[in-house]
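A.B. asks: Starting off with a structure, shown below.
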Amino acid sequence: MKTITIDFVRHGQTIFNTMDKLQGWADSPLTADGIATADQVGQLLQDTKYQSYHSSDLKRAIDTAKHIIQPNHFLQEEPEQHEDFREVFFGSYEGLDYHQAWIAVGKDQQLGCKTQAEIIQKYSFDVARNAMHAADPRHLSEDGTTFSSRVDRGIQELLTEAHDGDRLLVVTHGTLIRSLVLRYGPDFDALGNYPANGGITTLVAQGTDAGFTGKVTAYNRVN
């Protein structure tokens, strides 16, 4: 049995964030505020000893991780990149207005909801993912099982490669972090309090090469 601690950090603010556009596998650059946030997180974590540094393979996460790593003279100059820690794929809704997209999904699937948070609260996170997949005219959007399975695969890979007691940093995305909190941190409010740009969420994973259990011990820390 092995235990590791993973600090998940949401990337800094991007251009799409300022426009309320859905941004999953689509990417847009960090804003000046986003870069400043990444630098602030680096200062906040300067006394935290990590054994390794990771990010999703999307540029906004990679760039954020670099800004966290560089000022602190960490052992790695760049994060190890993981496809499994990408944001959820929104399929045909990528780049569209966030609010209008979820209104359309709720109406198409007759859910009686106008936001993603309402769908999650009334039904579940998986229902929200499945509803978008079903409403997507190309059915490209990730369904709940596909998304959660790849995220768990990424965590399992980290656990398998790490040593017992290691602490790791992973720069990733808002919906992914929210999904972890909904699954492994029920005492935290992941619906009313969306992960902030630069927010730090801590997951303790315990298990073997065959599987793990997780517990979120801190959510959306910004200072």
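Labeling convention for the structure tokens: chains A, B, ... as they appear, residues from 1 per chain, ligands from 1 in order of appearance.
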Show me, as a PyMOL selection string, the residues that have an atom within 10 Å of stretch 192-195 of chain A when counting only C-alpha atoms, minus same-chain residues fewer than 3 positions from it.

C.D. replies: chain A and resi 9-11+117+173-178+181+188-189+198-201+219-222

A.B. asks: Kindly export the residues of the current selection with C-alpha atoms, as a compact mmCIF listing (two decimals), in the first residue's frame.

C.D. replies:
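To be explicit, this is the file written out as selection-v3.txt:
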# COMPACT_ATOMS: atom_id res chain seq x y z
CA VAL A 9 -3.71 23.67 -9.45
CA ARG A 10 -6.09 25.22 -11.96
CA HIS A 11 -4.30 27.07 -14.77
CA ALA A 117 -24.37 23.30 -11.83
CA HIS A 173 -8.32 22.44 -15.32
CA GLY A 174 -11.47 23.60 -13.54
CA THR A 175 -14.01 20.95 -14.48
CA LEU A 176 -11.48 18.19 -13.84
CA ILE A 177 -10.76 19.54 -10.35
CA ARG A 178 -14.47 19.98 -9.66
CA VAL A 181 -13.98 17.13 -5.37
CA PHE A 188 -16.49 20.70 0.12
CA ASP A 189 -18.81 22.88 -1.97
CA GLY A 198 -4.56 29.32 -9.51
CA GLY A 199 -6.65 27.63 -6.82
CA ILE A 200 -4.94 24.67 -5.10
CA THR A 201 -6.85 21.46 -4.33
CA TYR A 219 -10.13 22.73 -1.82
CA ASN A 220 -9.53 25.88 -3.84
CA ARG A 221 -6.81 27.33 -1.62
CA VAL A 222 -5.58 30.67 -2.98

A.B. asks: Residues within 10 Å of stretch 31-41 of chain A, please, as a list in words. Count only C-alpha atoms; anything in the same chain fewer than 5 positions from it doesn't count.

C.D. replies: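 The residues satisfying every condition are Val9, Arg10, His11, Gly12, Gln13, Thr14, Ile15, Phe16, Asn17, Thr18, Gln46, Arg60, Ala61, Asp63, Thr64, Ala65, Lys66, His67, Ile68, Ile69, Gln70, Pro71, Asn72, Asn197, Gly198, Gly199, Ile200, Val222 and Asn223 of chain A.
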
A.B. asks: Keeping C-alpha atoms for every residue in the selection just given, could you write it to a file as an mmCIF file, in the first residue's frame?

C.D. replies:
data_model
loop_
_atom_site.group_PDB
_atom_site.id
_atom_site.type_symbol
_atom_site.label_atom_id
_atom_site.label_comp_id
_atom_site.auth_asym_id
_atom_site.auth_seq_id
_atom_site.Cartn_x
_atom_site.Cartn_y
_atom_site.Cartn_z
ATOM 1 C CA VAL A 9 -3.707 23.669 -9.447
ATOM 2 C CA ARG A 10 -6.086 25.224 -11.957
ATOM 3 C CA HIS A 11 -4.298 27.074 -14.769
ATOM 4 C CA GLY A 12 -4.165 30.867 -14.860
ATOM 5 C CA GLN A 13 -6.830 32.993 -16.510
ATOM 6 C CA THR A 14 -7.024 32.715 -20.312
ATOM 7 C CA ILE A 15 -8.549 34.798 -23.097
ATOM 8 C CA PHE A 16 -11.486 32.353 -23.366
ATOM 9 C CA ASN A 17 -12.050 32.605 -19.598
ATOM 10 C CA THR A 18 -12.600 36.356 -19.927
ATOM 11 C CA GLN A 46 8.043 28.008 -2.731
ATOM 12 C CA ARG A 60 -2.453 26.969 -20.827
ATOM 13 C CA ALA A 61 -1.624 24.355 -18.192
ATOM 14 C CA ASP A 63 2.608 27.650 -19.357
ATOM 15 C CA THR A 64 1.095 28.012 -15.889
ATOM 16 C CA ALA A 65 3.262 25.187 -14.572
ATOM 17 C CA LYS A 66 6.400 26.771 -16.027
ATOM 18 C CA HIS A 67 5.642 30.029 -14.244
ATOM 19 C CA ILE A 68 5.119 28.135 -10.980
ATOM 20 C CA ILE A 69 8.353 26.170 -11.373
ATOM 21 C CA GLN A 70 10.814 28.770 -12.721
ATOM 22 C CA PRO A 71 11.011 31.303 -9.873
ATOM 23 C CA ASN A 72 11.491 28.608 -7.252
ATOM 24 C CA ASN A 197 -7.637 30.241 -11.550
ATOM 25 C CA GLY A 198 -4.562 29.321 -9.513
ATOM 26 C CA GLY A 199 -6.646 27.625 -6.821
ATOM 27 C CA ILE A 200 -4.943 24.668 -5.104
ATOM 28 C CA VAL A 222 -5.577 30.670 -2.976
ATOM 29 C CA ASN A 223 -3.355 31.833 -0.113
#

A.B. asks: Check the smallest atom-to-atom distance from each of A:Met1, A:Lys59, A:Gln23, A:Gly154 to A:Ala101 using only C-alpha atoms, then report the winner.

C.D. replies: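 Among the listed residues, A:Gln23 lies closest to A:Ala101.
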
A.B. asks: Find, counting only C-alpha atoms, the residue in A:Glu118, A:Asp97, A:Asp108, A:Asp164 that gets nearest to A:Ala135.

C.D. replies: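 With only C-alpha atoms as the atom set, the closest residue is A:Asp108.
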
A.B. asks: Which parts of stretch 5-184 of chain A does DSSP call helix (DSSP H, G or I) when run on the backbone here, written out as a ChimeraX atom specification?

C.D. replies: /A:15-18,32-44,59-72,83-85,91-93,98-108,116-122,125-135,144-161,174-184

A.B. asks: As number ranges by chain, please: every residue in chain A that DSSP puts in strand (DSSP E or B).

C.D. replies: A: 2-10, 14, 21, 30, 52-56, 80-82, 97, 167-172, 200-208, 211-221

A.B. asks: Taking only C-alpha atoms into account, name the residue in A:Asp20, A:Glu157, A:Asp143, A:Asp152 that is nearest to A:Val127.

C.D. replies: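 Under the stated criterion, the closest residue is A:Asp143.
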
A.B. asks: I'd like the neighbourhood of A:Ala128 as a list of chain:residue names, where a residue qualifies if any of its atoms comes within 7 Å (using only C-alpha atoms), though same-chain residues fewer than 5 positions away should be ignored.

C.D. replies: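 Contacts, in chain order: A:Gln116, A:Ile119, A:Ile120.
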
A.B. asks: Please produce, as JSON lines, a per-residue contact table for stretch 74-192 of chain A versus stretch 205-209 of chain A (criterion: any atom at most 12 Å away, only C-alpha atoms considered), showing the nearest atom pair and its distance in Å to one decimal, sorted by chain then residue number.

C.D. replies:
{"residue": "A:Asp152", "atom": "CA", "partner": "A:Ala205", "partner_atom": "CA", "distance": 10.5}
{"residue": "A:Arg153", "atom": "CA", "partner": "A:Asp209", "partner_atom": "CA", "distance": 10.9}
{"residue": "A:Gly154", "atom": "CA", "partner": "A:Ala205", "partner_atom": "CA", "distance": 11.8}
{"residue": "A:Ile155", "atom": "CA", "partner": "A:Ala205", "partner_atom": "CA", "distance": 8.0}
{"residue": "A:Gln156", "atom": "CA", "partner": "A:Asp209", "partner_atom": "CA", "distance": 7.2}
{"residue": "A:Glu157", "atom": "CA", "partner": "A:Asp209", "partner_atom": "CA", "distance": 8.3}
{"residue": "A:Leu158", "atom": "CA", "partner": "A:Ala205", "partner_atom": "CA", "distance": 9.6}
{"residue": "A:Leu159", "atom": "CA", "partner": "A:Ala205", "partner_atom": "CA", "distance": 7.4}
{"residue": "A:Thr160", "atom": "CA", "partner": "A:Asp209", "partner_atom": "CA", "distance": 5.5}
{"residue": "A:Glu161", "atom": "CA", "partner": "A:Asp209", "partner_atom": "CA", "distance": 9.1}
{"residue": "A:Ala162", "atom": "CA", "partner": "A:Asp209", "partner_atom": "CA", "distance": 10.7}
{"residue": "A:His163", "atom": "CA", "partner": "A:Thr208", "partner_atom": "CA", "distance": 11.1}
{"residue": "A:Asp164", "atom": "CA", "partner": "A:Gln206", "partner_atom": "CA", "distance": 9.1}
{"residue": "A:Gly165", "atom": "CA", "partner": "A:Gln206", "partner_atom": "CA", "distance": 9.9}
{"residue": "A:Asp166", "atom": "CA", "partner": "A:Ala205", "partner_atom": "CA", "distance": 10.5}
{"residue": "A:Arg167", "atom": "CA", "partner": "A:Ala205", "partner_atom": "CA", "distance": 10.4}
{"residue": "A:Leu168", "atom": "CA", "partner": "A:Ala205", "partner_atom": "CA", "distance": 11.0}
{"residue": "A:Leu180", "atom": "CA", "partner": "A:Ala205", "partner_atom": "CA", "distance": 11.4}
{"residue": "A:Tyr184", "atom": "CA", "partner": "A:Ala205", "partner_atom": "CA", "distance": 9.8}

A.B. asks: Near A:His82, within 9 Å and counting only C-alpha atoms, which residues show up once chain neighbours fewer than 4 positions away are dropped, as a PyMOL selection string?

C.D. replies: chain A and resi 54-58+86+154

A.B. asks: Pull N, CA and C atoms from the residues just selected and write them as an mmCIF file, in the first residue's frame.

C.D. replies:
data_model
loop_
_atom_site.group_PDB
_atom_site.id
_atom_site.type_symbol
_atom_site.label_atom_id
_atom_site.label_comp_id
_atom_site.auth_asym_id
_atom_site.auth_seq_id
_atom_site.Cartn_x
_atom_site.Cartn_y
_atom_site.Cartn_z
ATOM 1 N N HIS A 54 3.926 18.145 -12.770
ATOM 2 C CA HIS A 54 3.168 17.611 -13.889
ATOM 3 C C HIS A 54 2.137 18.638 -14.350
ATOM 4 N N SER A 55 1.625 18.429 -15.569
ATOM 5 C CA SER A 55 0.529 19.252 -16.084
ATOM 6 C C SER A 55 -0.219 18.467 -17.145
ATOM 7 N N SER A 56 -1.379 18.972 -17.524
ATOM 8 C CA SER A 56 -2.025 18.436 -18.718
ATOM 9 C C SER A 56 -1.165 18.833 -19.915
ATOM 10 N N ASP A 57 -1.470 18.273 -21.081
ATOM 11 C CA ASP A 57 -0.667 18.595 -22.265
ATOM 12 C C ASP A 57 -1.233 19.771 -23.052
ATOM 13 N N LEU A 58 -2.145 20.525 -22.450
ATOM 14 C CA LEU A 58 -2.678 21.728 -23.077
ATOM 15 C C LEU A 58 -1.820 22.931 -22.675
ATOM 16 N N ARG A 86 -6.000 16.410 -19.200
ATOM 17 C CA ARG A 86 -6.681 17.439 -19.976
ATOM 18 C C ARG A 86 -8.040 17.768 -19.356
ATOM 19 N N GLY A 154 -4.917 8.630 -15.026
ATOM 20 C CA GLY A 154 -3.804 9.542 -14.797
ATOM 21 C C GLY A 154 -3.318 9.505 -13.355
#

A.B. asks: What separation in Å, quoted to one decimal, exists between atom CA of A:Arg183 and atom CA of A:Gly211?

C.D. replies: 15.4 Å

A.B. asks: Point out the residue among A:Ser141, A:Pro79, A:Ala196, A:Val171 with the least atom-to-atom distance to A:Asp7, counting only C-alpha atoms.

C.D. replies: A:Val171
